[in-house]
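Here is protein-v1.pdb, consisting of PDB, N, CA and C atoms:
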MODEL        1
ATOM      1  N   MET X 308      24.534 -19.817 -20.956
ATOM      2  CA  MET X 308      23.782 -19.220 -22.050
ATOM      3  C   MET X 308      23.825 -20.188 -23.222
ATOM      4  N   THR X 309      22.682 -20.367 -23.865
ATOM      5  CA  THR X 309      22.633 -21.244 -25.041
ATOM      6  C   THR X 309      22.944 -20.417 -26.282
ATOM      7  N   GLU X 310      23.120 -21.110 -27.379
ATOM      8  CA  GLU X 310      23.451 -20.426 -28.631
ATOM      9  C   GLU X 310      22.295 -19.567 -29.133
ATOM     10  N   THR X 311      21.058 -19.882 -28.755
ATOM     11  CA  THR X 311      19.895 -19.150 -29.268
ATOM     12  C   THR X 311      19.590 -17.894 -28.460
ATOM     13  N   GLU X 312      20.171 -17.744 -27.284
ATOM     14  CA  GLU X 312      19.904 -16.559 -26.475
ATOM     15  C   GLU X 312      20.741 -15.391 -26.958
ATOM     16  N   ASP X 313      20.094 -14.236 -27.026
ATOM     17  CA  ASP X 313      20.792 -13.018 -27.417
ATOM     18  C   ASP X 313      21.197 -12.277 -26.146
ATOM     19  N   PRO X 314      22.490 -12.075 -25.910
ATOM     20  CA  PRO X 314      22.913 -11.416 -24.670
ATOM     21  C   PRO X 314      22.435  -9.972 -24.572
ATOM     22  N   GLY X 315      22.017  -9.364 -25.682
ATOM     23  CA  GLY X 315      21.533  -7.990 -25.654
ATOM     24  C   GLY X 315      20.080  -7.874 -25.248
ATOM     25  N   GLU X 316      19.328  -8.969 -25.287
ATOM     26  CA  GLU X 316      17.921  -8.937 -24.929
ATOM     27  C   GLU X 316      17.753  -9.121 -23.425
ATOM     28  N   PRO X 317      16.897  -8.309 -22.822
ATOM     29  CA  PRO X 317      16.674  -8.489 -21.377
ATOM     30  C   PRO X 317      15.894  -9.770 -21.113
ATOM     31  N   ALA X 318      16.163 -10.385 -20.006
ATOM     32  CA  ALA X 318      15.433 -11.588 -19.619
ATOM     33  C   ALA X 318      14.007 -11.203 -19.253
ATOM     34  N   GLU X 319      13.082 -12.137 -19.466
ATOM     35  CA  GLU X 319      11.701 -11.888 -19.076
ATOM     36  C   GLU X 319      11.621 -11.863 -17.559
ATOM     37  N   PRO X 320      10.818 -10.939 -17.008
ATOM     38  CA  PRO X 320      10.696 -10.900 -15.549
ATOM     39  C   PRO X 320       9.996 -12.155 -15.036
ATOM     40  N   ALA X 321      10.396 -12.587 -13.873
ATOM     41  CA  ALA X 321       9.747 -13.733 -13.252
ATOM     42  C   ALA X 321       8.337 -13.334 -12.833
ATOM     43  N   THR X 322       7.390 -14.187 -13.098
ATOM     44  CA  THR X 322       6.013 -13.927 -12.683
ATOM     45  C   THR X 322       5.534 -15.090 -11.833
ATOM     46  N   PHE X 323       4.561 -14.801 -10.993
ATOM     47  CA  PHE X 323       3.979 -15.841 -10.166
ATOM     48  C   PHE X 323       2.535 -15.465  -9.870
ATOM     49  N   ALA X 324       1.736 -16.463  -9.625
ATOM     50  CA  ALA X 324       0.318 -16.245  -9.335
ATOM     51  C   ALA X 324       0.137 -16.032  -7.837
ATOM     52  N   VAL X 325      -0.688 -15.055  -7.497
ATOM     53  CA  VAL X 325      -1.017 -14.787  -6.106
ATOM     54  C   VAL X 325      -2.511 -15.027  -5.950
ATOM     55  N   PRO X 326      -2.907 -15.858  -5.006
ATOM     56  CA  PRO X 326      -4.338 -16.107  -4.816
ATOM     57  C   PRO X 326      -5.092 -14.815  -4.486
ATOM     58  N   ALA X 327      -6.307 -14.707  -4.989
ATOM     59  CA  ALA X 327      -7.123 -13.513  -4.758
ATOM     60  C   ALA X 327      -7.333 -13.259  -3.271
ATOM     61  N   ASP X 328      -7.468 -14.319  -2.478
ATOM     62  CA  ASP X 328      -7.643 -14.143  -1.033
ATOM     63  C   ASP X 328      -6.439 -13.451  -0.413
ATOM     64  N   SER X 329      -5.249 -13.762  -0.913
ATOM     65  CA  SER X 329      -4.041 -13.119  -0.391
ATOM     66  C   SER X 329      -4.023 -11.645  -0.744
ATOM     67  N   LEU X 330      -4.431 -11.316  -1.972
ATOM     68  CA  LEU X 330      -4.488  -9.910  -2.373
ATOM     69  C   LEU X 330      -5.512  -9.157  -1.535
ATOM     70  N   SER X 331      -6.641  -9.783  -1.301
ATOM     71  CA  SER X 331      -7.682  -9.151  -0.507
ATOM     72  C   SER X 331      -7.203  -8.928   0.923
ATOM     73  N   HIS X 332      -6.512  -9.914   1.481
ATOM     74  CA  HIS X 332      -5.981  -9.788   2.832
ATOM     75  C   HIS X 332      -4.953  -8.654   2.896
ATOM     76  N   LEU X 333      -4.082  -8.590   1.907
ATOM     77  CA  LEU X 333      -3.073  -7.539   1.861
ATOM     78  C   LEU X 333      -3.733  -6.162   1.708
ATOM     79  N   ALA X 334      -4.775  -6.090   0.886
ATOM     80  CA  ALA X 334      -5.511  -4.830   0.728
ATOM     81  C   ALA X 334      -6.137  -4.408   2.055
ATOM     82  N   ASP X 335      -6.696  -5.368   2.793
ATOM     83  CA  ASP X 335      -7.268  -5.064   4.103
ATOM     84  C   ASP X 335      -6.201  -4.533   5.058
ATOM     85  N   LEU X 336      -5.062  -5.198   5.059
ATOM     86  CA  LEU X 336      -3.967  -4.789   5.942
ATOM     87  C   LEU X 336      -3.486  -3.370   5.607
ATOM     88  N   LEU X 337      -3.275  -3.113   4.326
ATOM     89  CA  LEU X 337      -2.838  -1.772   3.919
ATOM     90  C   LEU X 337      -3.906  -0.730   4.231
ATOM     91  N   GLY X 338      -5.172  -1.112   4.065
ATOM     92  CA  GLY X 338      -6.269  -0.202   4.391
ATOM     93  C   GLY X 338      -6.315   0.133   5.873
ATOM     94  N   GLU X 339      -6.071  -0.860   6.718
ATOM     95  CA  GLU X 339      -6.020  -0.619   8.165
ATOM     96  C   GLU X 339      -4.884   0.332   8.510
ATOM     97  N   LEU X 340      -3.719   0.098   7.929
ATOM     98  CA  LEU X 340      -2.576   0.986   8.168
ATOM     99  C   LEU X 340      -2.877   2.406   7.705
ATOM    100  N   ASP X 341      -3.485   2.528   6.539
ATOM    101  CA  ASP X 341      -3.845   3.836   6.000
ATOM    102  C   ASP X 341      -4.819   4.552   6.940
ATOM    103  N   ALA X 342      -5.852   3.835   7.375
ATOM    104  CA  ALA X 342      -6.843   4.442   8.279
ATOM    105  C   ALA X 342      -6.192   4.873   9.589
ATOM    106  N   PHE X 343      -5.290   4.052  10.109
ATOM    107  CA  PHE X 343      -4.604   4.400  11.352
ATOM    108  C   PHE X 343      -3.748   5.649  11.176
ATOM    109  N   LEU X 344      -2.981   5.694  10.096
ATOM    110  CA  LEU X 344      -2.093   6.831   9.884
ATOM    111  C   LEU X 344      -2.857   8.124   9.632
ATOM    112  N   ARG X 345      -4.066   8.031   9.094
ATOM    113  CA  ARG X 345      -4.882   9.222   8.826
ATOM    114  C   ARG X 345      -5.799   9.581   9.995
ATOM    115  N   SER X 346      -5.773   8.791  11.067
ATOM    116  CA  SER X 346      -6.739   8.949  12.157
ATOM    117  C   SER X 346      -6.450  10.107  13.105
ATOM    118  N   GLY X 347      -5.320  10.756  12.973
ATOM    119  CA  GLY X 347      -4.995  11.860  13.863
ATOM    120  C   GLY X 347      -4.169  11.439  15.056
ATOM    121  N   HIS X 348      -3.902  10.166  15.204
ATOM    122  CA  HIS X 348      -3.019   9.708  16.274
ATOM    123  C   HIS X 348      -1.613  10.234  15.996
ATOM    124  N   PRO X 349      -0.737  10.198  16.957
ATOM    125  CA  PRO X 349       0.615  10.730  16.746
ATOM    126  C   PRO X 349       1.447   9.931  15.738
ATOM    127  N   ALA X 350       0.901   8.871  15.188
ATOM    128  CA  ALA X 350       1.669   8.057  14.240
ATOM    129  C   ALA X 350       2.097   8.859  13.018
ATOM    130  N   GLY X 351       1.249   9.732  12.517
ATOM    131  CA  GLY X 351       1.612  10.561  11.365
ATOM    132  C   GLY X 351       2.793  11.464  11.684
ATOM    133  N   ASP X 352       2.760  12.054  12.876
ATOM    134  CA  ASP X 352       3.883  12.898  13.300
ATOM    135  C   ASP X 352       5.145  12.065  13.496
ATOM    136  N   GLN X 353       4.961  10.870  14.018
ATOM    137  CA  GLN X 353       6.115   9.988  14.217
ATOM    138  C   GLN X 353       6.692   9.542  12.879
ATOM    139  N   LEU X 354       5.837   9.329  11.899
ATOM    140  CA  LEU X 354       6.323   8.978  10.568
ATOM    141  C   LEU X 354       7.107  10.153   9.973
ATOM    142  N   THR X 355       6.629  11.367  10.177
ATOM    143  CA  THR X 355       7.352  12.550   9.714
ATOM    144  C   THR X 355       8.721  12.628  10.390
ATOM    145  N   GLU X 356       8.747  12.393  11.691
ATOM    146  CA  GLU X 356      10.020  12.422  12.415
ATOM    147  C   GLU X 356      10.959  11.311  11.911
ATOM    148  N   PHE X 357      10.413  10.157  11.610
ATOM    149  CA  PHE X 357      11.205   9.056  11.059
ATOM    150  C   PHE X 357      11.845   9.478   9.732
ATOM    151  N   MET X 358      11.063  10.125   8.876
ATOM    152  CA  MET X 358      11.588  10.587   7.590
ATOM    153  C   MET X 358      12.653  11.668   7.799
ATOM    154  N   ARG X 359      12.457  12.509   8.804
ATOM    155  CA  ARG X 359      13.451  13.544   9.120
ATOM    156  C   ARG X 359      14.773  12.886   9.535
ATOM    157  N   ARG X 360      14.686  11.872  10.404
ATOM    158  CA  ARG X 360      15.902  11.174  10.853
ATOM    159  C   ARG X 360      16.602  10.450   9.710
ATOM    160  N   ARG X 361      15.852  10.042   8.712
ATOM    161  CA  ARG X 361      16.446   9.381   7.546
ATOM    162  C   ARG X 361      17.076  10.385   6.590
ATOM    163  N   GLY X 362      16.931  11.673   6.912
ATOM    164  CA  GLY X 362      17.585  12.704   6.116
ATOM    165  C   GLY X 362      16.783  13.209   4.936
ATOM    166  N   HIS X 363      15.481  12.925   4.921
ATOM    167  CA  HIS X 363      14.662  13.407   3.811
ATOM    168  C   HIS X 363      14.570  14.929   3.877
ATOM    169  N   PRO X 364      14.764  15.627   2.754
ATOM    170  CA  PRO X 364      14.729  17.099   2.782
ATOM    171  C   PRO X 364      13.344  17.674   3.089
ATOM    172  N   HIS X 365      12.293  16.918   2.842
ATOM    173  CA  HIS X 365      10.922  17.363   3.106
ATOM    174  C   HIS X 365      10.183  16.229   3.820
ATOM    175  N   PRO X 366      10.450  16.031   5.104
ATOM    176  CA  PRO X 366       9.912  14.862   5.801
ATOM    177  C   PRO X 366       8.386  14.820   5.894
ATOM    178  N   GLY X 367       7.741  15.967   6.072
ATOM    179  CA  GLY X 367       6.279  15.974   6.135
ATOM    180  C   GLY X 367       5.657  15.550   4.817
ATOM    181  N   LEU X 368       6.198  16.056   3.729
ATOM    182  CA  LEU X 368       5.714  15.681   2.401
ATOM    183  C   LEU X 368       5.963  14.198   2.141
ATOM    184  N   ALA X 369       7.132  13.722   2.524
ATOM    185  CA  ALA X 369       7.461  12.304   2.326
ATOM    186  C   ALA X 369       6.509  11.414   3.110
ATOM    187  N   ALA X 370       6.172  11.812   4.345
ATOM    188  CA  ALA X 370       5.238  11.034   5.155
ATOM    189  C   ALA X 370       3.853  11.026   4.510
ATOM    190  N   CYS X 371       3.381  12.176   4.056
ATOM    191  CA  CYS X 371       2.069  12.253   3.393
ATOM    192  C   CYS X 371       2.037  11.413   2.121
ATOM    193  N   ASN X 372       3.109  11.482   1.350
ATOM    194  CA  ASN X 372       3.173  10.696   0.115
ATOM    195  C   ASN X 372       3.190   9.200   0.401
ATOM    196  N   LEU X 373       3.871   8.796   1.461
ATOM    197  CA  LEU X 373       3.907   7.383   1.823
ATOM    198  C   LEU X 373       2.522   6.896   2.231
ATOM    199  N   ILE X 374       1.809   7.715   2.999
ATOM    200  CA  ILE X 374       0.449   7.360   3.405
ATOM    201  C   ILE X 374      -0.469   7.280   2.184
ATOM    202  N   ALA X 375      -0.347   8.236   1.268
ATOM    203  CA  ALA X 375      -1.164   8.211   0.048
ATOM    204  C   ALA X 375      -0.826   6.983  -0.797
ATOM    205  N   ASP X 376       0.451   6.636  -0.873
ATOM    206  CA  ASP X 376       0.862   5.456  -1.634
ATOM    207  C   ASP X 376       0.251   4.195  -1.038
ATOM    208  N   LEU X 377       0.178   4.128   0.283
ATOM    209  CA  LEU X 377      -0.480   2.999   0.951
ATOM    210  C   LEU X 377      -1.931   2.881   0.487
ATOM    211  N   SER X 378      -2.614   4.009   0.455
ATOM    212  CA  SER X 378      -4.015   4.027   0.063
ATOM    213  C   SER X 378      -4.197   3.565  -1.386
ATOM    214  N   PHE X 379      -3.376   4.093  -2.287
ATOM    215  CA  PHE X 379      -3.485   3.717  -3.702
ATOM    216  C   PHE X 379      -3.124   2.251  -3.911
ATOM    217  N   THR X 380      -2.150   1.765  -3.170
ATOM    218  CA  THR X 380      -1.755   0.361  -3.301
ATOM    219  C   THR X 380      -2.872  -0.547  -2.802
ATOM    220  N   ALA X 381      -3.478  -0.193  -1.680
ATOM    221  CA  ALA X 381      -4.598  -0.981  -1.159
ATOM    222  C   ALA X 381      -5.735  -1.012  -2.178
ATOM    223  N   PHE X 382      -6.047   0.134  -2.778
ATOM    224  CA  PHE X 382      -7.104   0.202  -3.790
ATOM    225  C   PHE X 382      -6.771  -0.705  -4.983
ATOM    226  N   SER X 383      -5.528  -0.650  -5.437
ATOM    227  CA  SER X 383      -5.117  -1.479  -6.579
ATOM    228  C   SER X 383      -5.229  -2.959  -6.257
ATOM    229  N   TYR X 384      -4.821  -3.346  -5.063
ATOM    230  CA  TYR X 384      -4.907  -4.760  -4.678
ATOM    231  C   TYR X 384      -6.354  -5.197  -4.554
ATOM    232  N   ARG X 385      -7.213  -4.290  -4.035
ATOM    233  CA  ARG X 385      -8.631  -4.625  -3.940
ATOM    234  C   ARG X 385      -9.216  -4.858  -5.320
ATOM    235  N   ARG X 386      -8.839  -4.015  -6.285
ATOM    236  CA  ARG X 386      -9.328  -4.187  -7.654
ATOM    237  C   ARG X 386      -8.818  -5.491  -8.249
ATOM    238  N   LEU X 387      -7.541  -5.787  -8.034
ATOM    239  CA  LEU X 387      -6.982  -7.032  -8.553
ATOM    240  C   LEU X 387      -7.698  -8.246  -7.982
ATOM    241  N   ALA X 388      -8.093  -8.166  -6.737
ATOM    242  CA  ALA X 388      -8.762  -9.283  -6.082
ATOM    243  C   ALA X 388     -10.256  -9.318  -6.404
ATOM    244  N   GLY X 389     -10.721  -8.342  -7.176
ATOM    245  CA  GLY X 389     -12.141  -8.304  -7.524
ATOM    246  C   GLY X 389     -12.995  -7.768  -6.387
ATOM    247  N   ASN X 390     -12.372  -7.108  -5.426
ATOM    248  CA  ASN X 390     -13.074  -6.583  -4.265
ATOM    249  C   ASN X 390     -13.207  -5.073  -4.445
ATOM    250  N   LEU X 391     -14.117  -4.643  -5.292
ATOM    251  CA  LEU X 391     -14.244  -3.243  -5.666
ATOM    252  C   LEU X 391     -14.750  -2.381  -4.521
ATOM    253  N   PRO X 392     -14.455  -1.073  -4.568
ATOM    254  CA  PRO X 392     -14.883  -0.171  -3.498
ATOM    255  C   PRO X 392     -16.381  -0.160  -3.257
ATOM    256  N   GLY X 393     -17.184  -0.515  -4.246
ATOM    257  CA  GLY X 393     -18.628  -0.587  -4.053
ATOM    258  C   GLY X 393     -19.013  -1.684  -3.081
ATOM    259  N   GLN X 394     -18.093  -2.605  -2.828
ATOM    260  CA  GLN X 394     -18.296  -3.693  -1.886
ATOM    261  C   GLN X 394     -17.134  -3.664  -0.896
ATOM    262  N   PRO X 395     -17.123  -2.673   0.022
ATOM    263  CA  PRO X 395     -15.953  -2.484   0.891
ATOM    264  C   PRO X 395     -15.703  -3.666   1.812
ATOM    265  N   THR X 396     -14.447  -3.873   2.117
ATOM    266  CA  THR X 396     -14.077  -4.922   3.054
ATOM    267  C   THR X 396     -14.384  -4.449   4.466
ATOM    268  N   THR X 397     -14.709  -5.355   5.333
ATOM    269  CA  THR X 397     -15.078  -5.021   6.705
ATOM    270  C   THR X 397     -13.942  -4.315   7.418
ATOM    271  N   ALA X 398     -12.739  -4.836   7.309
ATOM    272  CA  ALA X 398     -11.613  -4.279   8.057
ATOM    273  C   ALA X 398     -11.321  -2.836   7.641
ATOM    274  N   LEU X 399     -11.437  -2.543   6.356
ATOM    275  CA  LEU X 399     -11.055  -1.226   5.867
ATOM    276  C   LEU X 399     -11.956  -0.123   6.408
ATOM    277  N   PHE X 400     -13.253  -0.387   6.527
ATOM    278  CA  PHE X 400     -14.185   0.658   6.914
ATOM    279  C   PHE X 400     -14.776   0.459   8.307
ATOM    280  N   ALA X 401     -14.195  -0.398   9.108
ATOM    281  CA  ALA X 401     -14.732  -0.670  10.436
ATOM    282  C   ALA X 401     -14.774   0.590  11.291
ATOM    283  N   ASP X 402     -13.695   1.385  11.287
ATOM    284  CA  ASP X 402     -13.647   2.596  12.108
ATOM    285  C   ASP X 402     -14.694   3.609  11.663
ATOM    286  N   GLU X 403     -14.882   3.763  10.352
ATOM    287  CA  GLU X 403     -15.835   4.752   9.839
ATOM    288  C   GLU X 403     -17.263   4.379  10.236
ATOM    289  N   ARG X 404     -17.607   3.096  10.143
ATOM    290  CA  ARG X 404     -18.959   2.673  10.502
ATOM    291  C   ARG X 404     -19.222   2.899  11.983
ATOM    292  N   ALA X 405     -18.233   2.643  12.821
ATOM    293  CA  ALA X 405     -18.395   2.817  14.258
ATOM    294  C   ALA X 405     -18.621   4.294  14.607
ATOM    295  N   SER X 406     -17.904   5.187  13.942
ATOM    296  CA  SER X 406     -18.026   6.613  14.255
ATOM    297  C   SER X 406     -19.286   7.230  13.662
ATOM    298  N   ASN X 407     -19.867   6.612  12.643
ATOM    299  CA  ASN X 407     -21.081   7.143  12.019
ATOM    300  C   ASN X 407     -22.355   6.629  12.660
ATOM    301  N   SER X 408     -22.255   5.672  13.594
ATOM    302  CA  SER X 408     -23.475   5.118  14.187
ATOM    303  C   SER X 408     -23.860   5.827  15.445
TER     304      SER X 408
ENDMDL
END
Could you render the structure from this file as structure tokens?
Amino acid sequence: MTETEDPGEPAEPATFAVPADSLSHLADLLGELDAFLRSGHPAGDQLTEFMRRRGHPHPGLAACNLIADLSFTAFSYRRLAGNLPGQPTTALFADERASNS
């Protein structure tokens, strides 16, 4: 510690730049996971069982909240990358387009 640093002041958090392509890729990945977990496959039930085994008092709620958090995080990353919902990524909506055709 130097003489000018105040030990009572918190240090500034470390920051780093993430390329927009990486954010977009991560948003796509989270979107795929979200779509899979909401698709009705047994994965949602398995996630609930996983939360139960971890001792969560409300495993179904915890699983639903985790899935919702995935969705909100993907949306936030898409916005950060400048990839707004008005211009959806191919990976995120691939299943919906296939089922609507």
>> Using the chain letters and numbers from this file, what does the PyMOL selection byres ((chain X and resi 376-392) around 6.5) select? Give the answer as a list of chain:residue names.
In response: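 On this input, the PyMOL selection byres ((chain X and resi 376-392) around 6.5) captures X:Ala327, X:Asp328, X:Leu330, X:Ser331, X:Leu333, X:Ala334, X:Asp335, X:Leu337, X:Gly338, X:Asp341, X:Cys371, X:Asn372, X:Leu373, X:Ile374, X:Ala375, X:Gly393, X:Gln394, X:Pro395.
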> Residues at most 12 Å from X:Gly351, counting only C-alpha atoms, excluding those fewer than 3 positions away in the same chain, as a count of residues only?
Replying inline: 24
Could you give me the residues within stretch 363-395 of chain X that DSSP places in helix (DSSP H, G or I), as a compact mmCIF listing (two decimals) with N, CA and C atoms, keeping the file's coordinate frame?
# COMPACT_ATOMS: atom_id res chain seq x y z
N PRO X 366 10.45 16.03 5.10
CA PRO X 366 9.91 14.86 5.80
C PRO X 366 8.39 14.82 5.89
N GLY X 367 7.74 15.97 6.07
CA GLY X 367 6.28 15.97 6.14
C GLY X 367 5.66 15.55 4.82
N LEU X 368 6.20 16.06 3.73
CA LEU X 368 5.71 15.68 2.40
C LEU X 368 5.96 14.20 2.14
N ALA X 369 7.13 13.72 2.52
CA ALA X 369 7.46 12.30 2.33
C ALA X 369 6.51 11.41 3.11
N ALA X 370 6.17 11.81 4.34
CA ALA X 370 5.24 11.03 5.16
C ALA X 370 3.85 11.03 4.51
N CYS X 371 3.38 12.18 4.06
CA CYS X 371 2.07 12.25 3.39
C CYS X 371 2.04 11.41 2.12
N ASN X 372 3.11 11.48 1.35
CA ASN X 372 3.17 10.70 0.12
C ASN X 372 3.19 9.20 0.40
N LEU X 373 3.87 8.80 1.46
CA LEU X 373 3.91 7.38 1.82
C LEU X 373 2.52 6.90 2.23
N ILE X 374 1.81 7.72 3.00
CA ILE X 374 0.45 7.36 3.40
C ILE X 374 -0.47 7.28 2.18
N ALA X 375 -0.35 8.24 1.27
CA ALA X 375 -1.16 8.21 0.05
C ALA X 375 -0.83 6.98 -0.80
N ASP X 376 0.45 6.64 -0.87
CA ASP X 376 0.86 5.46 -1.63
C ASP X 376 0.25 4.20 -1.04
N LEU X 377 0.18 4.13 0.28
CA LEU X 377 -0.48 3.00 0.95
C LEU X 377 -1.93 2.88 0.49
N SER X 378 -2.61 4.01 0.46
CA SER X 378 -4.01 4.03 0.06
C SER X 378 -4.20 3.56 -1.39
N PHE X 379 -3.38 4.09 -2.29
CA PHE X 379 -3.48 3.72 -3.70
C PHE X 379 -3.12 2.25 -3.91
N THR X 380 -2.15 1.76 -3.17
CA THR X 380 -1.76 0.36 -3.30
C THR X 380 -2.87 -0.55 -2.80
N ALA X 381 -3.48 -0.19 -1.68
CA ALA X 381 -4.60 -0.98 -1.16
C ALA X 381 -5.74 -1.01 -2.18
N PHE X 382 -6.05 0.13 -2.78
CA PHE X 382 -7.10 0.20 -3.79
C PHE X 382 -6.77 -0.70 -4.98
N SER X 383 -5.53 -0.65 -5.44
CA SER X 383 -5.12 -1.48 -6.58
C SER X 383 -5.23 -2.96 -6.26
N TYR X 384 -4.82 -3.35 -5.06
CA TYR X 384 -4.91 -4.76 -4.68
C TYR X 384 -6.35 -5.20 -4.55
N ARG X 385 -7.21 -4.29 -4.04
CA ARG X 385 -8.63 -4.62 -3.94
C ARG X 385 -9.22 -4.86 -5.32
N ARG X 386 -8.84 -4.01 -6.28
CA ARG X 386 -9.33 -4.19 -7.65
C ARG X 386 -8.82 -5.49 -8.25
N LEU X 387 -7.54 -5.79 -8.03
CA LEU X 387 -6.98 -7.03 -8.55
C LEU X 387 -7.70 -8.25 -7.98
>> For a test of reading the model, state the distance in Å between atom CA of X:Ala350 and atom C of X:Leu336, rounded to one decimal.
In response: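 Taking atom CA of X:Ala350 as the start and atom C of X:Leu336 as the end point, the length is 15.2 Å.
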Would you place a box with edges along x, y and z of the file around all atoms of stretch 373-376 of chain X listed there, add 8 Å to each of its six sides, and report the centre and edge lengths in Å to one decimal, as lines of an AutoDock Vina configuration file?
center_x = 1.4
center_y = 6.5
center_z = 0.9
size_x = 21.1
size_y = 20.6
size_z = 21.0
>> Just to confirm, what's the straight-line distance from atom CA of X:Gly362 to atom CA of X:Glu339 in Å (one decimal)?
In response: 27.2 Å
